[in-house]
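Input: a single structure, listed below in structure tokens.
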Amino acid sequence: MSSKWDQRFLDLAFHIASWSKDPSTKVGCVVVGADREIRSTGFNGFPRGISDDPERLADRSQKYPLICHAEENAIMHAARIGMPLKDCSAYVTWPPCSRCARSLIQAGVSEVVVPKDCEIPERWQEDFDISIGMLQEAGVVVRGV
């Protein structure tokens with residue numbers, strides 16, 4: 001895909017990330033098919049029907065067991081509406097964590113595109129290293145733009 005389209009889809013992922021109510025981290029994901037059609041989107045947040053009040057979101061011990069990551073939400077939304085993600089590209093505002101890398105691999109995503117210049121908190125670096133290794137081992141292309 002051209003860099004113009006890469007930037008458009010990453011910009012859209014950042015816009016979708018802004019929909020997250022998480023006060024500390026906002027992540028967006030756009031999954032795109034071979035003809036540049038948007039197959040699914042997601043942002044980090046609680047599952048449908050689970051109250052996302054500010055107190056719950058501010059308390060990591062309550063938030064972490066409940067939160068769905070952006071990639072998971074995009075994959076689950078696609079499954080909910082019967083949309084295949086095999087051979088698609090996922091544009092994500094952060095590198096996927098190992099949990100999301102597993103899900104992207106299993107969904108058949110063939111490429112993950114992330115911003116080159118994102119700042120990764122130290123607490124996530126080891127997990128991101130594992131996820132990038134896992135994606136590459138599974139044959140998923142990881143690109144920074």
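Ordering of the structure tokens sets the chain letters (A, B, ...); residue numbers start at 1 within each chain; ligands are numbered from 1 in the order shown.
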Please produce, as a tab-separated table, a per-residue contact table for region 57-94 of chain A versus region 107-129 of chain A (criterion: any atom at most 7 Å away, only C-alpha atoms considered), showing the nearest atom pair and its distance in Å to one decimal, sorted by chain then residue number.
residue	atom	partner	partner_atom	distance
A:Leu85	CA	A:Val109	CA	5.9
A:Lys86	CA	A:Gly108	CA	4.1
A:Asp87	CA	A:Ser110	CA	4.8
A:Cys88	CA	A:Val109	CA	4.9
A:Ser89	CA	A:Glu111	CA	4.6
A:Ala90	CA	A:Val112	CA	4.8
A:Tyr91	CA	A:Val113	CA	4.8
A:Val92	CA	A:Val114	CA	5.3
A:Thr93	CA	A:Val114	CA	5.8
A:Trp94	CA	A:Val114	CA	6.0
Write out as a ChimeraX atom specification the residues lying within 9 Å of Ala70 (chain A), counting only C-alpha atoms and excluding same-chain residues fewer than 2 positions away.
/A:17,26-30,41-45,68,72-75,92,100
For a test of reading the model, state the distance in Å between CA of Leu104 (chain A) and CA of Gly144 (chain A), rounded to one decimal.
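Pair CA of Leu104 (chain A) / CA of Gly144 (chain A) returns 16.7 Å.
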From a DSSP pass on the backbone, collect the residues of chain A flagged as strand (DSSP E) and hand them back as JSON, numbers by chain.
{"A": [28, 29, 30, 31, 32, 38, 39, 40, 41, 42, 43, 89, 90, 91, 92, 111, 112, 113, 114, 141, 142, 143, 144]}
Would you please give, as JSON, numbers by chain, all residues of region 57-122 of chain A that DSSP assigns to helix (DSSP H, G or I) based on the backbone?
{"A": [57, 58, 60, 61, 62, 63, 64, 65, 66, 70, 71, 72, 73, 74, 75, 76, 77, 78, 79, 80, 81, 98, 99, 100, 101, 102, 103, 104, 105, 106, 107, 122]}
Contacts of Ile67 (chain A) within 6 Å, only C-alpha atoms, excl. fewer than 3 positions in-chain, as an MDAnalysis selection string:
chainID A and resid 45:46 63:64
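Distances to Met83 (chain A) were evaluated for A:Ile130, A:Ile38, A:Val145, A:Leu12 using only C-alpha atoms, and the minimum falls at A:Ile38.
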As a ChimeraX atom specification, please: the residues near Pro23 (chain A) (cut-off 12 Å, only C-alpha atoms, same-chain neighbours under 5 positions excluded).
/A:17-18,44-45,52-60,63
Please compute the CA of Leu66 (chain A)-CA of Pro47 (chain A) distance, one decimal, in Å.
7.4 Å
As a check of understanding: the span from CA of Pro84 (chain A) to CA of Arg8 (chain A) is 21.9 Å
